[in-house]
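data20.pdb (PDB, C-alpha atoms, pLDDT in the B column) appears below.
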ATOM      1  CA  MET A 360       0.000   0.000   0.000  1.00 89.00           C
ATOM      2  CA  LEU A 361       1.120   3.553  -0.692  1.00 93.00           C
ATOM      3  CA  GLU A 362      -0.329   7.014  -0.286  1.00 94.00           C
ATOM      4  CA  TYR A 363      -0.141   9.822  -2.833  1.00 93.00           C
ATOM      5  CA  LYS A 364      -1.607  13.254  -2.109  1.00 94.00           C
ATOM      6  CA  GLY A 365      -4.356  11.802   0.065  1.00 95.00           C
ATOM      7  CA  ILE A 366      -5.067   8.896  -2.280  1.00 96.00           C
ATOM      8  CA  VAL A 367      -4.605   5.410  -0.808  1.00 96.00           C
ATOM      9  CA  ILE A 368      -3.363   2.864  -3.341  1.00 97.00           C
ATOM     10  CA  TYR A 369      -3.191  -0.860  -2.719  1.00 96.00           C
ATOM     11  CA  THR A 370      -0.663  -2.708  -4.847  1.00 95.00           C
ATOM     12  CA  HIS A 371      -0.469  -6.263  -6.175  1.00 94.00           C
ATOM     13  CA  PRO A 372       2.643  -8.314  -7.032  1.00 91.00           C
ATOM     14  CA  ASN A 373       1.454  -8.843 -10.631  1.00 90.00           C
ATOM     15  CA  VAL A 374       0.572  -5.172 -11.242  1.00 93.00           C
ATOM     16  CA  TYR A 375       2.932  -2.324 -12.128  1.00 87.00           C
ATOM     17  CA  GLU A 376       3.474  -0.301  -8.962  1.00 90.00           C
ATOM     18  CA  PRO A 377       3.239   3.501  -9.310  1.00 93.00           C
ATOM     19  CA  ALA A 378       6.705   4.944  -9.947  1.00 88.00           C
ATOM     20  CA  GLU A 379       8.329   8.141 -11.245  1.00 91.00           C
ATOM     21  CA  ASP A 380       6.538   7.897 -14.589  1.00 91.00           C
ATOM     22  CA  THR A 381       3.136   7.485 -12.916  1.00 94.00           C
ATOM     23  CA  PHE A 382       3.688  10.460 -10.623  1.00 95.00           C
ATOM     24  CA  LEU A 383       4.974  12.635 -13.500  1.00 96.00           C
ATOM     25  CA  LEU A 384       1.719  12.030 -15.382  1.00 97.00           C
ATOM     26  CA  ALA A 385      -0.421  12.508 -12.248  1.00 97.00           C
ATOM     27  CA  GLU A 386       1.179  15.886 -11.580  1.00 96.00           C
ATOM     28  CA  ASN A 387       0.753  17.108 -15.155  1.00 97.00           C
ATOM     29  CA  LEU A 388      -2.772  16.016 -16.084  1.00 97.00           C
ATOM     30  CA  ASP A 389      -4.557  18.380 -18.474  1.00 95.00           C
ATOM     31  CA  ILE A 390      -8.096  17.739 -17.198  1.00 96.00           C
ATOM     32  CA  GLN A 391     -11.215  19.874 -17.290  1.00 96.00           C
ATOM     33  CA  ARG A 392     -14.202  19.276 -15.012  1.00 96.00           C
ATOM     34  CA  ARG A 393     -16.563  18.189 -17.847  1.00 96.00           C
ATOM     35  CA  ASP A 394     -14.083  15.826 -19.502  1.00 98.00           C
ATOM     36  CA  GLU A 395     -14.855  12.222 -20.227  1.00 98.00           C
ATOM     37  CA  VAL A 396     -11.481  10.541 -19.831  1.00 98.00           C
ATOM     38  CA  LEU A 397     -10.020   7.247 -21.017  1.00 98.00           C
ATOM     39  CA  GLU A 398      -6.967   5.808 -19.309  1.00 98.00           C
ATOM     40  CA  ILE A 399      -5.282   2.895 -21.031  1.00 97.00           C
ATOM     41  CA  GLY A 400      -3.053   0.643 -18.935  1.00 95.00           C
ATOM     42  CA  THR A 401      -4.470   1.736 -15.595  1.00 97.00           C
ATOM     43  CA  GLY A 402      -2.359  -0.598 -13.442  1.00 95.00           C
ATOM     44  CA  THR A 403      -3.244   0.111  -9.802  1.00 97.00           C
ATOM     45  CA  GLY A 404      -5.643   2.866 -10.876  1.00 97.00           C
ATOM     46  CA  LEU A 405      -3.726   5.801  -9.387  1.00 98.00           C
ATOM     47  CA  ILE A 406      -4.107   7.908 -12.541  1.00 98.00           C
ATOM     48  CA  ALA A 407      -7.769   6.912 -12.935  1.00 98.00           C
ATOM     49  CA  VAL A 408      -8.529   7.914  -9.333  1.00 98.00           C
ATOM     50  CA  THR A 409      -6.644  11.209  -9.722  1.00 97.00           C
ATOM     51  CA  ALA A 410      -8.426  11.954 -13.006  1.00 98.00           C
ATOM     52  CA  ALA A 411     -11.830  10.994 -11.563  1.00 98.00           C
ATOM     53  CA  GLN A 412     -11.453  13.585  -8.815  1.00 97.00           C
ATOM     54  CA  LYS A 413     -11.112  16.275 -11.486  1.00 96.00           C
ATOM     55  CA  SER A 414     -13.454  15.147 -14.283  1.00 97.00           C
ATOM     56  CA  LYS A 415     -16.964  13.998 -15.163  1.00 97.00           C
ATOM     57  CA  LYS A 416     -16.168  10.335 -15.869  1.00 98.00           C
ATOM     58  CA  VAL A 417     -13.161   8.051 -16.325  1.00 98.00           C
ATOM     59  CA  THR A 418     -13.064   4.784 -18.235  1.00 98.00           C
ATOM     60  CA  ALA A 419      -9.930   2.847 -17.297  1.00 98.00           C
ATOM     61  CA  THR A 420      -8.669  -0.257 -19.070  1.00 97.00           C
ATOM     62  CA  ASP A 421      -5.872  -2.757 -18.695  1.00 96.00           C
ATOM     63  CA  ILE A 422      -4.870  -5.953 -20.465  1.00 93.00           C
ATOM     64  CA  ASN A 423      -3.943  -7.448 -17.075  1.00 94.00           C
ATOM     65  CA  GLU A 424      -6.967  -8.816 -15.165  1.00 96.00           C
ATOM     66  CA  ASP A 425      -5.107  -8.486 -11.864  1.00 95.00           C
ATOM     67  CA  ALA A 426      -4.624  -4.803 -12.612  1.00 96.00           C
ATOM     68  CA  VAL A 427      -8.332  -4.285 -13.242  1.00 97.00           C
ATOM     69  CA  LYS A 428      -9.168  -5.999  -9.931  1.00 98.00           C
ATOM     70  CA  CYS A 429      -6.523  -3.938  -8.107  1.00 97.00           C
ATOM     71  CA  ALA A 430      -7.795  -0.712  -9.698  1.00 98.00           C
ATOM     72  CA  LEU A 431     -11.366  -1.600  -8.698  1.00 98.00           C
ATOM     73  CA  LYS A 432     -10.277  -1.990  -5.072  1.00 98.00           C
ATOM     74  CA  ASN A 433      -8.527   1.391  -5.262  1.00 98.00           C
ATOM     75  CA  THR A 434     -11.446   3.227  -6.862  1.00 98.00           C
ATOM     76  CA  ILE A 435     -13.758   1.906  -4.128  1.00 97.00           C
ATOM     77  CA  THR A 436     -11.237   2.689  -1.369  1.00 97.00           C
ATOM     78  CA  ASN A 437     -10.966   6.274  -2.628  1.00 97.00           C
ATOM     79  CA  ARG A 438     -14.710   6.627  -3.306  1.00 97.00           C
ATOM     80  CA  THR A 439     -14.240   7.573  -6.928  1.00 96.00           C
ATOM     81  CA  TYR A 440     -17.466   6.076  -8.220  1.00 96.00           C
ATOM     82  CA  ASN A 441     -17.243   7.839 -11.582  1.00 98.00           C
ATOM     83  CA  VAL A 442     -14.671   5.288 -12.802  1.00 98.00           C
ATOM     84  CA  GLU A 443     -15.657   2.415 -15.087  1.00 98.00           C
ATOM     85  CA  LEU A 444     -13.110  -0.391 -15.441  1.00 98.00           C
ATOM     86  CA  LYS A 445     -12.737  -2.684 -18.459  1.00 98.00           C
ATOM     87  CA  THR A 446     -10.341  -5.486 -19.343  1.00 98.00           C
ATOM     88  CA  GLY A 447      -8.685  -5.547 -22.755  1.00 96.00           C
ATOM     89  CA  ASN A 448      -5.816  -4.446 -24.972  1.00 95.00           C
ATOM     90  CA  LEU A 449      -5.517  -0.763 -25.914  1.00 95.00           C
ATOM     91  CA  PHE A 450      -8.787   0.422 -27.526  1.00 97.00           C
ATOM     92  CA  GLU A 451     -10.487  -3.014 -27.777  1.00 97.00           C
ATOM     93  CA  PRO A 452     -12.742  -2.471 -24.721  1.00 97.00           C
ATOM     94  CA  VAL A 453     -13.935   0.927 -26.026  1.00 98.00           C
ATOM     95  CA  LYS A 454     -14.344   0.151 -29.742  1.00 93.00           C
ATOM     96  CA  ASP A 455     -16.939   2.782 -30.696  1.00 92.00           C
ATOM     97  CA  GLU A 456     -16.445   5.255 -27.852  1.00 97.00           C
ATOM     98  CA  LYS A 457     -14.947   8.744 -27.943  1.00 98.00           C
ATOM     99  CA  PHE A 458     -13.383  10.795 -25.173  1.00 98.00           C
ATOM    100  CA  ASP A 459     -12.199  14.325 -24.435  1.00 98.00           C
ATOM    101  CA  LEU A 460      -8.879  13.155 -22.985  1.00 98.00           C
ATOM    102  CA  ILE A 461      -6.936   9.911 -23.400  1.00 98.00           C
ATOM    103  CA  LEU A 462      -4.137   9.050 -20.963  1.00 98.00           C
ATOM    104  CA  PHE A 463      -1.531   6.324 -21.347  1.00 97.00           C
ATOM    105  CA  ASN A 464       1.612   5.553 -19.360  1.00 94.00           C
ATOM    106  CA  THR A 465       2.977   3.463 -22.200  1.00 90.00           C
ATOM    107  CA  PRO A 466       5.183   0.374 -22.016  1.00 77.00           C
ATOM    108  CA  TYR A 467       8.187   2.237 -23.386  1.00 59.00           C
ATOM    109  CA  LEU A 468      11.299   0.279 -22.441  1.00 59.00           C
ATOM    110  CA  PRO A 469      13.240  -1.317 -25.292  1.00 52.00           C
ATOM    111  CA  THR A 470      13.092  -5.012 -24.397  1.00 50.00           C
ATOM    112  CA  ALA A 471      15.050  -7.836 -25.990  1.00 48.00           C
ATOM    113  CA  GLU A 472      13.520 -11.312 -26.203  1.00 54.00           C
ATOM    114  CA  ASP A 473      15.751 -12.627 -23.410  1.00 50.00           C
ATOM    115  CA  GLU A 474      14.605  -9.786 -21.095  1.00 51.00           C
ATOM    116  CA  LYS A 475      10.904 -10.664 -21.263  1.00 44.00           C
ATOM    117  CA  PHE A 476       8.905 -12.287 -18.457  1.00 50.00           C
ATOM    118  CA  ASP A 477       6.050 -14.747 -18.844  1.00 57.00           C
ATOM    119  CA  GLU A 478       3.924 -12.926 -16.283  1.00 56.00           C
ATOM    120  CA  GLU A 479       1.208 -10.467 -17.320  1.00 58.00           C
ATOM    121  CA  ILE A 480       3.124  -7.621 -15.671  1.00 50.00           C
ATOM    122  CA  ASN A 481       5.616  -7.795 -18.584  1.00 49.00           C
ATOM    123  CA  ALA A 482       3.090  -5.824 -20.670  1.00 50.00           C
ATOM    124  CA  ALA A 483       3.527  -2.845 -18.309  1.00 45.00           C
ATOM    125  CA  TRP A 484       7.033  -2.033 -19.524  1.00 45.00           C
ATOM    126  CA  ASP A 485       7.853  -4.198 -22.575  1.00 48.00           C
ATOM    127  CA  GLY A 486       7.978  -1.810 -25.529  1.00 46.00           C
ATOM    128  CA  GLY A 487       9.514  -4.312 -27.938  1.00 52.00           C
ATOM    129  CA  ALA A 488      13.013  -4.102 -29.407  1.00 54.00           C
ATOM    130  CA  ASP A 489      12.916  -0.326 -29.975  1.00 61.00           C
ATOM    131  CA  GLY A 490      10.469   0.598 -27.179  1.00 63.00           C
ATOM    132  CA  ARG A 491       7.828   1.659 -29.715  1.00 82.00           C
ATOM    133  CA  THR A 492       5.732  -1.438 -30.426  1.00 83.00           C
ATOM    134  CA  THR A 493       2.758  -0.488 -28.243  1.00 89.00           C
ATOM    135  CA  ILE A 494       3.305   3.271 -28.630  1.00 92.00           C
ATOM    136  CA  ASP A 495       2.978   3.093 -32.426  1.00 94.00           C
ATOM    137  CA  THR A 496      -0.125   0.880 -32.297  1.00 94.00           C
ATOM    138  CA  PHE A 497      -1.691   3.315 -29.812  1.00 95.00           C
ATOM    139  CA  LEU A 498      -0.830   6.353 -31.952  1.00 97.00           C
ATOM    140  CA  ASP A 499      -2.364   4.724 -35.044  1.00 96.00           C
ATOM    141  CA  GLU A 500      -5.737   4.473 -33.272  1.00 96.00           C
ATOM    142  CA  VAL A 501      -5.889   7.365 -30.787  1.00 97.00           C
ATOM    143  CA  LYS A 502      -7.465   9.951 -33.127  1.00 97.00           C
ATOM    144  CA  ASP A 503     -10.459   7.660 -33.794  1.00 96.00           C
ATOM    145  CA  HIS A 504     -11.346   7.752 -30.089  1.00 98.00           C
ATOM    146  CA  LEU A 505     -11.158  11.496 -29.468  1.00 98.00           C
ATOM    147  CA  ASN A 506     -13.928  14.048 -29.600  1.00 97.00           C
ATOM    148  CA  GLU A 507     -13.366  17.226 -31.595  1.00 95.00           C
ATOM    149  CA  GLY A 508     -10.641  19.262 -29.898  1.00 95.00           C
ATOM    150  CA  GLY A 509      -9.706  16.230 -27.792  1.00 97.00           C
ATOM    151  CA  ARG A 510      -6.378  15.724 -26.074  1.00 98.00           C
ATOM    152  CA  VAL A 511      -3.950  12.897 -25.512  1.00 98.00           C
ATOM    153  CA  GLN A 512      -1.257  12.642 -22.858  1.00 98.00           C
ATOM    154  CA  LEU A 513       1.214   9.799 -22.931  1.00 96.00           C
ATOM    155  CA  VAL A 514       4.315   8.954 -20.962  1.00 94.00           C
ATOM    156  CA  GLN A 515       7.393   7.578 -22.633  1.00 92.00           C
ATOM    157  CA  SER A 516      11.161   7.535 -22.356  1.00 86.00           C
ATOM    158  CA  SER A 517      13.953   9.225 -24.244  1.00 84.00           C
ATOM    159  CA  LEU A 518      14.985   5.640 -25.070  1.00 82.00           C
ATOM    160  CA  SER A 519      11.887   5.235 -27.272  1.00 82.00           C
ATOM    161  CA  ASP A 520      12.284   8.255 -29.607  1.00 90.00           C
ATOM    162  CA  ASN A 521      10.219  11.188 -28.324  1.00 94.00           C
ATOM    163  CA  GLU A 522      10.545  13.076 -31.612  1.00 95.00           C
ATOM    164  CA  LYS A 523       8.991  10.198 -33.556  1.00 95.00           C
ATOM    165  CA  THR A 524       5.940  10.314 -31.261  1.00 96.00           C
ATOM    166  CA  ILE A 525       5.576  14.067 -31.711  1.00 97.00           C
ATOM    167  CA  GLN A 526       5.957  13.695 -35.477  1.00 97.00           C
ATOM    168  CA  LYS A 527       3.322  10.936 -35.666  1.00 97.00           C
ATOM    169  CA  LEU A 528       0.878  13.052 -33.653  1.00 97.00           C
ATOM    170  CA  GLU A 529       1.485  16.114 -35.843  1.00 97.00           C
ATOM    171  CA  GLU A 530       0.943  14.027 -38.997  1.00 96.00           C
ATOM    172  CA  GLN A 531      -2.518  13.143 -37.618  1.00 94.00           C
ATOM    173  CA  GLY A 532      -3.482  16.769 -37.001  1.00 96.00           C
ATOM    174  CA  PHE A 533      -2.388  17.222 -33.391  1.00 97.00           C
ATOM    175  CA  GLU A 534      -0.452  20.108 -31.936  1.00 97.00           C
ATOM    176  CA  ALA A 535       2.060  18.108 -29.897  1.00 97.00           C
ATOM    177  CA  SER A 536       4.898  18.833 -27.499  1.00 97.00           C
ATOM    178  CA  ILE A 537       6.721  17.585 -24.432  1.00 97.00           C
ATOM    179  CA  THR A 538       4.878  19.170 -21.499  1.00 97.00           C
ATOM    180  CA  ALA A 539       6.787  17.602 -18.590  1.00 97.00           C
ATOM    181  CA  ARG A 540      10.081  15.783 -18.113  1.00 94.00           C
ATOM    182  CA  GLU A 541      12.112  14.100 -15.406  1.00 92.00           C
ATOM    183  CA  LYS A 542      15.590  12.602 -15.491  1.00 91.00           C
ATOM    184  CA  CYS A 543      15.783   9.067 -14.114  1.00 82.00           C
ATOM    185  CA  PHE A 544      18.914   6.927 -14.047  1.00 78.00           C
ATOM    186  CA  PHE A 545      19.812   6.233 -17.696  1.00 79.00           C
ATOM    187  CA  GLU A 546      16.863   7.970 -19.363  1.00 82.00           C
ATOM    188  CA  GLU A 547      14.556  10.962 -19.344  1.00 90.00           C
ATOM    189  CA  ILE A 548      10.858  10.282 -18.812  1.00 91.00           C
ATOM    190  CA  VAL A 549       8.499  12.690 -20.564  1.00 96.00           C
ATOM    191  CA  VAL A 550       4.821  13.504 -20.857  1.00 97.00           C
ATOM    192  CA  ILE A 551       3.860  14.251 -24.450  1.00 97.00           C
ATOM    193  CA  THR A 552       0.615  16.148 -24.866  1.00 98.00           C
ATOM    194  CA  GLY A 553      -1.253  16.321 -28.159  1.00 97.00           C
ATOM    195  CA  ILE A 554      -4.248  18.569 -28.832  1.00 97.00           C
ATOM    196  CA  LEU A 555      -6.412  17.692 -31.820  1.00 95.00           C
ATOM    197  CA  LYS A 556      -6.770  20.742 -34.055  1.00 88.00           C
TER     198      LYS A 556
END
Go ahead and render the structure in this file as structure tokens.
Amino acid sequence: MLEYKGIVIYTHPNVYEPAEDTFLLAENLDIQRRDEVLEIGTGTGLIAVTAAQKSKKVTATDINEDAVKCALKNTITNRTYNVELKTGNLFEPVKDEKFDLILFNTPYLPTAEDEKFDEEINAAWDGGADGRTTIDTFLDEVKDHLNEGGRVQLVQSSLSDNEKTIQKLEEQGFEASITAREKCFFEEIVVITGILK
């Protein structure tokens, strides 16, 4: 269990525990009170709970069933009843839905085959050989799930080519930039924010 700005978060051994990247996103959320928010890869639900306290409704998804159960416990513990949880990969659980803001702490670490784990938690950080496998799939679909003037905020590492993410967003009609950054060990973690023009 951990506490963050008055939010109590229970953890689970098979769920990504909130770390520097989680807190960087939590502290730099671009949320408006009337927003309907989607968080992909909710993990323990810390971002979903934080977003729910500031918005109309949050839909939070994760491919890891243990994460969805953990997030449910944390939304109930923190009395954030405007959170709906769904299990599935990326946009699968919200096929025809649109949102004002989409949040994603991406699995951004370049991961060689011999560095992978069999456990579900591997999906929380395994970004493929170049760190971009999930990021690129997400970017290819994100625009289809945003309302007019919608926003996206994603976390990634300097190890997974920040400029390529910004370029891909701009090619899809977003105004995109790095809006927060933090140096950690051998990398810089960033929040990239895109606003649909």
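Computed from the coordinates, the atom CA of A:Ile537 to atom CA of A:Gly400 distance equals 20.3 Å.
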Just say which residues the PyMOL selection byres ((chain A and resi 439) around 9) picks in this file, as a PDB file with C-alpha atoms, keeping the file's coordinate frame.
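Dumped to selection-v4.pdb:
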ATOM      1  CA  ALA A 407      -7.769   6.912 -12.935  1.00 98.00           C
ATOM      2  CA  VAL A 408      -8.529   7.914  -9.333  1.00 98.00           C
ATOM      3  CA  THR A 409      -6.644  11.209  -9.722  1.00 97.00           C
ATOM      4  CA  ALA A 411     -11.830  10.994 -11.563  1.00 98.00           C
ATOM      5  CA  GLN A 412     -11.453  13.585  -8.815  1.00 97.00           C
ATOM      6  CA  ASN A 433      -8.527   1.391  -5.262  1.00 98.00           C
ATOM      7  CA  THR A 434     -11.446   3.227  -6.862  1.00 98.00           C
ATOM      8  CA  ILE A 435     -13.758   1.906  -4.128  1.00 97.00           C
ATOM      9  CA  THR A 436     -11.237   2.689  -1.369  1.00 97.00           C
ATOM     10  CA  ASN A 437     -10.966   6.274  -2.628  1.00 97.00           C
ATOM     11  CA  ARG A 438     -14.710   6.627  -3.306  1.00 97.00           C
ATOM     12  CA  TYR A 440     -17.466   6.076  -8.220  1.00 96.00           C
ATOM     13  CA  ASN A 441     -17.243   7.839 -11.582  1.00 98.00           C
ATOM     14  CA  VAL A 442     -14.671   5.288 -12.802  1.00 98.00           C
TER      15      VAL A 442
END
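Residue neighbourhood of stretch 374-387 of chain A, excluding near-sequence residues (fewer than 4 positions): Thr370, Gly402, Thr403, Leu405, Ile406, Thr409, Asn423, Asp425, Ala426, Cys429, Asn464, Ile480, Ala483, Leu513, Val514, Thr538, Ala539, Arg540, Glu541, Ile548, Val549 and Val550 of chain A, at 8 Å, using all atoms listed in the file.
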Query raised in the report: What's the 6 Å shell around A:Glu398, counting only C-alpha atoms, without same-chain residues fewer than 2 positions away, as a ChimeraX atom specification?
Result: /A:419,461-463
Query raised in the report: Out of A:Asp520, A:Glu507, A:Glu362, A:Glu443, which residue has the shortest atom-to-atom distance to A:Thr492 when counting only C-alpha atoms?
Result: A:Asp520
Query raised in the report: Taking the file as shown, what set of residues would the PyMOL selection byres ((chain A and resi 449) around 7) give back, as a count of residues only?
Result: 6
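Residue nearest A:Arg392, chosen from A:Leu460, A:Asp455, A:Lys428, A:Lys542 and counting only C-alpha atoms: A:Leu460.
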Report task. Please indicate the distance in Å from atom CA of A:Ile494 to atom CA of A:Asp389, rounded to one decimal place. Result ->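 Answer for the atom CA of A:Ile494 to atom CA of A:Asp389 separation: 19.8 Å.
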Query raised in the report: Hey, can you check how far atom CA of A:His504 sits from atom CA of A:Val453?
Result: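 Value for the atom CA of A:His504-atom CA of A:Val453 distance: 8.4 Å.
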Query raised in the report: If you apply the PyMOL selection byres ((chain A and resi 394) around 8) to this file, what residues do you get, as a list in words?
Result: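 That selection, the PyMOL selection byres ((chain A and resi 394) around 8), comes back as Ile390, Gln391, Arg392, Arg393, Glu395, Val396, Ser414, Lys415, Lys416, Phe458, Asp459 and Leu460 of chain A.
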**Report entry** Residue with smallest distance to A:Asp495 - pool A:Leu518, A:Tyr369, A:Lys527, A:Arg510, counting only C-alpha atoms
**Finding:**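 Comparing A:Leu518, A:Tyr369, A:Lys527, A:Arg510 against A:Asp495, the winner is A:Lys527.
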Requested in this report: Could you tell me which of A:Glu424, A:Phe533, A:Thr496, A:Ala410 comes closest to A:Asn373 if we count all atoms listed in the file?
Outcome: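 Nearest to A:Asn373: A:Glu424.
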Return the padded bounding box of stretch 427-433 of chain A as JSON: axis-aligned, built from all atoms listed in the file, 3 Å added on each side, with centre and edge lengths in Å to one decimal.
{"center_x": -8.9, "center_y": -2.3, "center_z": -9.2, "size_x": 10.8, "size_y": 13.4, "size_z": 14.2}
Query - Top pick for closest residue to A:Leu498, considering A:Lys445, A:Leu431, A:Ile551, A:Pro452 and counting all atoms listed in the file - result: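 Ranked by minimum distance to A:Leu498, first place goes to A:Ile551.
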